[in-house]
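**Q** Sharing a structure, written as structure tokens. Questions coming.
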Amino acid sequence: MIKIIYIAGDGRSGSTLLDSVLSNIENSISVGECHRFWIRYSEGASHCGCSNIVTECSLWSQIQSRLQTKFPDYEIAQFVQKVREIQFFRNFKQIPKLLQSEEWKTFGKIVVYFYASIAEITGKNVIIDSSKSVPWAYLLLELGVFDIRMIHLERDVLAVANSWKKKVMLPEYTTREVWMPVKGNWVIAKTWLKIKKMANYLVVRVPYMEIKYKSFCKHPENTLEELSVFLDESIPTTNLQLQKNHAIGGNPMRSQLGTIEIKNQKTVLTHLTFFDKFYFRMIKLISKVL
Ligand SMILES: [Zn+2]
């Protein structure tokens, strides 16, 4: 059975670091935010973690032609739309019901074949998927054919907000500038709370482990030991190396391999005003009673 190590959580929560660390698991391949494959492939403008444009990457170009061969009615534009629908599906809890319709059953079959092809082409049985989307994790779980291990990576809402207020350019686009959105307070808070709530719903439905980004950086050895047990995989605790990957939405600079540094740095909230800090402290309090 293919094992999918799934990193769920909000953007700007440190998933790239965790993904890089987990890539040290033997027989694993990191595919980054692979649920974005369809959109990124149809755009044909961003790079894969292997440094090639997604459409020219040895893995993703093969995946696309396999999907076209296996499913004659498969159309990438329609698929982009469906992935978006799952992502923003209003009633997240209804995903199992949704998958019972003929239309969505076919969608499910394509998703299964997509992951099976990643395993087959790369020869790796452990797929590290840092798609982050909780609805996508629920979908994978409901397909019922994978060994899913969900890691909910949570970062302090003040640190997440500080990061969302920064203007950041997406590194995987090199031919044009694509910026991450700078979000307002309510959007940041709403997304963070929603992810927490949805992840809590999956706790009893999927093998689940929560990691607080701060404690991971403070005591990485402890977290890695816990992860090792949870994932039933051996993870080295020292001399962690950046590994070759085919990360969608990842930084192609990662192909410059080297040692991974886990820094225990205090986040300086330079992008938050006094009011913002107060606001997000309130959100944190509210989240404890939800
Ligand atoms: Zn690639």
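Residues are named by chain letter and number: chains run A, B, ... in the order of the structure tokens, numbers start at 1 in each chain, and ligands are numbered from 1 in the order shown.
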Output the neighbourhood of ligand 1 as number ranges by chain, that is, all protein and nucleic acid residues with some atom at most 12 Å from the ligand, counting only C-alpha atoms and all ligand atoms.

**A** A: 29-32, 34, 37, 41, 46-63, 118, 121-122, 172, 244-252, 254-255

**Q** Would you output that residue set with N, CA and C atoms, as a short mmCIF file (atom, residue, chain, number, x, y, z; two decimals), in the first residue's frame?

**A**
data_model
loop_
_atom_site.label_atom_id
_atom_site.label_comp_id
_atom_site.auth_asym_id
_atom_site.auth_seq_id
_atom_site.Cartn_x
_atom_site.Cartn_y
_atom_site.Cartn_z
N ILE A 29 9.53 10.20 -1.57
CA ILE A 29 9.68 11.27 -2.56
C ILE A 29 8.79 12.44 -2.16
N SER A 30 9.37 13.62 -2.16
CA SER A 30 8.57 14.81 -1.84
C SER A 30 8.01 15.41 -3.12
N VAL A 31 6.69 15.61 -3.11
CA VAL A 31 6.03 16.17 -4.29
C VAL A 31 5.40 17.54 -3.98
N GLY A 32 5.75 18.10 -2.85
CA GLY A 32 5.27 19.44 -2.50
C GLY A 32 3.76 19.52 -2.44
N CYS A 34 1.19 18.89 -4.19
CA CYS A 34 0.90 18.22 -5.47
C CYS A 34 -0.55 18.35 -5.91
N PHE A 37 -0.88 20.37 -8.94
CA PHE A 37 -0.28 19.89 -10.19
C PHE A 37 -1.08 20.36 -11.41
N TYR A 41 0.45 22.73 -14.13
CA TYR A 41 0.76 22.12 -15.43
C TYR A 41 0.06 22.88 -16.54
N SER A 46 5.56 27.58 -14.01
CA SER A 46 6.31 27.49 -12.76
C SER A 46 7.24 26.28 -12.77
N HIS A 47 8.21 26.34 -11.89
CA HIS A 47 9.21 25.28 -11.83
C HIS A 47 8.83 24.21 -10.80
N CYS A 48 9.32 23.04 -11.06
CA CYS A 48 9.21 21.92 -10.11
C CYS A 48 10.43 22.00 -9.19
N GLY A 49 10.40 21.30 -8.08
CA GLY A 49 11.55 21.28 -7.17
C GLY A 49 12.82 20.75 -7.84
N CYS A 50 12.66 20.00 -8.93
CA CYS A 50 13.83 19.47 -9.65
C CYS A 50 14.45 20.51 -10.56
N SER A 51 13.90 21.71 -10.57
CA SER A 51 14.36 22.87 -11.33
C SER A 51 13.81 22.97 -12.75
N ASN A 52 13.20 21.92 -13.27
CA ASN A 52 12.60 22.02 -14.59
C ASN A 52 11.22 22.68 -14.50
N ILE A 53 10.81 23.28 -15.63
CA ILE A 53 9.43 23.78 -15.69
C ILE A 53 8.53 22.55 -15.51
N VAL A 54 7.42 22.69 -14.80
CA VAL A 54 6.57 21.54 -14.48
C VAL A 54 6.24 20.70 -15.73
N THR A 55 5.94 21.38 -16.83
CA THR A 55 5.58 20.64 -18.06
C THR A 55 6.76 19.87 -18.66
N GLU A 56 7.97 20.24 -18.25
CA GLU A 56 9.15 19.54 -18.79
C GLU A 56 9.80 18.62 -17.77
N CYS A 57 9.22 18.55 -16.58
CA CYS A 57 9.78 17.68 -15.54
C CYS A 57 9.54 16.22 -15.93
N SER A 58 10.54 15.38 -15.67
CA SER A 58 10.45 13.98 -16.08
C SER A 58 9.27 13.27 -15.40
N LEU A 59 8.99 13.66 -14.14
CA LEU A 59 7.87 13.01 -13.45
C LEU A 59 6.53 13.54 -13.93
N TRP A 60 6.36 14.87 -13.87
CA TRP A 60 5.02 15.43 -14.12
C TRP A 60 4.59 15.32 -15.58
N SER A 61 5.55 15.36 -16.51
CA SER A 61 5.14 15.21 -17.92
C SER A 61 4.64 13.77 -18.15
N GLN A 62 5.31 12.83 -17.49
CA GLN A 62 4.85 11.43 -17.62
C GLN A 62 3.48 11.22 -16.99
N ILE A 63 3.29 11.86 -15.84
CA ILE A 63 2.00 11.73 -15.14
C ILE A 63 0.88 12.24 -16.06
N ILE A 118 2.75 8.32 -9.37
CA ILE A 118 3.92 8.96 -8.72
C ILE A 118 4.80 7.87 -8.12
N ILE A 121 6.40 5.60 -11.04
CA ILE A 121 7.44 6.24 -11.86
C ILE A 121 8.71 6.51 -11.03
N THR A 122 8.52 6.97 -9.79
CA THR A 122 9.69 7.30 -8.97
C THR A 122 10.27 6.06 -8.28
N GLU A 172 8.91 29.78 -7.33
CA GLU A 172 8.87 28.80 -8.42
C GLU A 172 8.55 29.41 -9.78
N LYS A 244 16.76 15.44 -3.31
CA LYS A 244 16.17 15.74 -4.61
C LYS A 244 14.66 15.53 -4.50
N ASN A 245 13.91 16.37 -5.17
CA ASN A 245 12.45 16.25 -5.04
C ASN A 245 11.76 16.70 -6.31
N HIS A 246 10.48 16.45 -6.35
CA HIS A 246 9.66 16.97 -7.45
C HIS A 246 8.53 17.78 -6.84
N ALA A 247 8.92 18.77 -6.04
CA ALA A 247 7.91 19.55 -5.32
C ALA A 247 7.20 20.55 -6.22
N ILE A 248 5.88 20.42 -6.25
CA ILE A 248 5.05 21.41 -6.93
C ILE A 248 4.90 22.57 -5.93
N GLY A 249 5.11 23.77 -6.43
CA GLY A 249 4.98 24.92 -5.53
C GLY A 249 6.14 25.04 -4.56
N GLY A 250 7.19 24.33 -4.82
CA GLY A 250 8.35 24.40 -3.93
C GLY A 250 9.37 25.37 -4.49
N ASN A 251 10.40 25.58 -3.72
CA ASN A 251 11.45 26.47 -4.16
C ASN A 251 12.45 25.69 -5.00
N PRO A 252 12.58 25.99 -6.29
CA PRO A 252 13.51 25.22 -7.11
C PRO A 252 14.96 25.34 -6.64
N ARG A 254 15.89 24.61 -3.97
CA ARG A 254 16.14 23.46 -3.08
C ARG A 254 16.94 22.38 -3.78
N SER A 255 17.02 22.50 -5.13
CA SER A 255 17.80 21.49 -5.82
C SER A 255 19.29 21.69 -5.55
#

**Q** Check the DSSP output for the backbone and give back, as a ChimeraX atom specification, the residues of range 96-168 of chain A in strand (DSSP E or B).

**A** /A:126-132,147-154

**Q** With C-alpha atoms kept, could you save the residues just selected as a PDB file, in the first residue's frame?

**A**
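Written file, again.pdb:
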ATOM      1  CA  VAL A 126       6.262   6.835   0.553  1.00  0.00           C
ATOM      2  CA  ILE A 127       4.880  10.063  -0.884  1.00  0.00           C
ATOM      3  CA  ILE A 128       5.395  13.267   1.062  1.00  0.00           C
ATOM      4  CA  ASP A 129       2.529  15.527   0.137  1.00  0.00           C
ATOM      5  CA  SER A 130       2.547  19.006   1.636  1.00  0.00           C
ATOM      6  CA  SER A 131      -0.633  20.145  -0.103  1.00  0.00           C
ATOM      7  CA  LYS A 132      -1.703  21.589   3.276  1.00  0.00           C
ATOM      8  CA  ASP A 147      -2.134   4.544   4.060  1.00  0.00           C
ATOM      9  CA  ILE A 148      -2.575   8.195   5.062  1.00  0.00           C
ATOM     10  CA  ARG A 149      -0.678   9.753   7.941  1.00  0.00           C
ATOM     11  CA  MET A 150      -1.791  13.294   8.515  1.00  0.00           C
ATOM     12  CA  ILE A 151       0.478  15.761  10.237  1.00  0.00           C
ATOM     13  CA  HIS A 152      -1.268  18.937  11.261  1.00  0.00           C
ATOM     14  CA  LEU A 153       1.458  21.565  11.411  1.00  0.00           C
ATOM     15  CA  GLU A 154       0.313  24.538  13.405  1.00  0.00           C
TER      16      GLU A 154
END

**Q** Of the candidates A:Met198, A:Leu231, A:Leu139, A:Leu193, which one gets nearest to Lys109 in chain A if we count only C-alpha atoms?

**A**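 Between A:Met198, A:Leu231, A:Leu139, A:Leu193, the residue approaching Lys109 in chain A most closely is A:Leu139.
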
**Q** Hey, can you check how far CA of Tyr213 in chain A sits from CA of Leu17 in chain A?

**A**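 These atoms are spaced 9.8 Å apart.
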
**Q** What is the CA of Val134 in chain A to CA of Gln87 in chain A distance in Å?

**A**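 Going from CA of Val134 in chain A over to CA of Gln87 in chain A covers 8.2 Å.
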
**Q** Just the number, please: distance in Å from CA of Ser42 in chain A to CA of Ala77 in chain A, one decimal.

**A**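 Computing the Euclidean distance for CA of Ser42 in chain A and CA of Ala77 in chain A yields 7.4 Å.
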
**Q** Pull the closest atom pair for each residue of range 153-221 of chain A that gets at most 10 Å from range 270-278 of chain A, along with the distance in Å to one decimal, counting only C-alpha atoms, ordering rows by chain and then ascending residue number, as a Markdown table.

**A**
| residue | atom | partner | partner_atom | distance |
| --- | --- | --- | --- | --- |
| A:Val157 | CA | A:Lys277 | CA | 9.8 |
| A:Leu158 | CA | A:Lys277 | CA | 6.8 |
| A:Ala159 | CA | A:Leu272 | CA | 9.4 |
| A:Ala161 | CA | A:Leu272 | CA | 7.7 |
| A:Asn162 | CA | A:His271 | CA | 5.3 |
| A:Ser163 | CA | A:His271 | CA | 7.6 |
| A:Trp164 | CA | A:His271 | CA | 8.8 |
| A:Lys165 | CA | A:His271 | CA | 6.0 |
| A:Lys166 | CA | A:His271 | CA | 6.7 |
| A:Gly184 | CA | A:Asp276 | CA | 9.9 |
| A:Asn185 | CA | A:Asp276 | CA | 7.3 |

**Q** Residues within 8 Å of range 263-266 of chain A, please, as a PyMOL selection string. Count only C-alpha atoms; anything in the same chain fewer than 3 positions from it doesn't count.

**A** chain A and resi 214+217-218

**Q** Please produce a file of those selected residues containing N, CA and C atoms, as a PDB file, in the first residue's frame.

**A**
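Saved to again-v4.pdb:
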ATOM      1  N   LYS A 214       6.705  25.893  16.651  1.00  0.00           N
ATOM      2  CA  LYS A 214       7.651  26.458  17.610  1.00  0.00           C
ATOM      3  C   LYS A 214       8.394  25.352  18.376  1.00  0.00           C
ATOM      4  N   CYS A 217      10.925  23.522  16.219  1.00  0.00           N
ATOM      5  CA  CYS A 217      12.205  24.232  16.053  1.00  0.00           C
ATOM      6  C   CYS A 217      13.018  24.231  17.339  1.00  0.00           C
ATOM      7  N   LYS A 218      12.318  24.228  18.468  1.00  0.00           N
ATOM      8  CA  LYS A 218      13.013  24.271  19.759  1.00  0.00           C
ATOM      9  C   LYS A 218      13.633  22.922  20.115  1.00  0.00           C
TER      10      LYS A 218
END
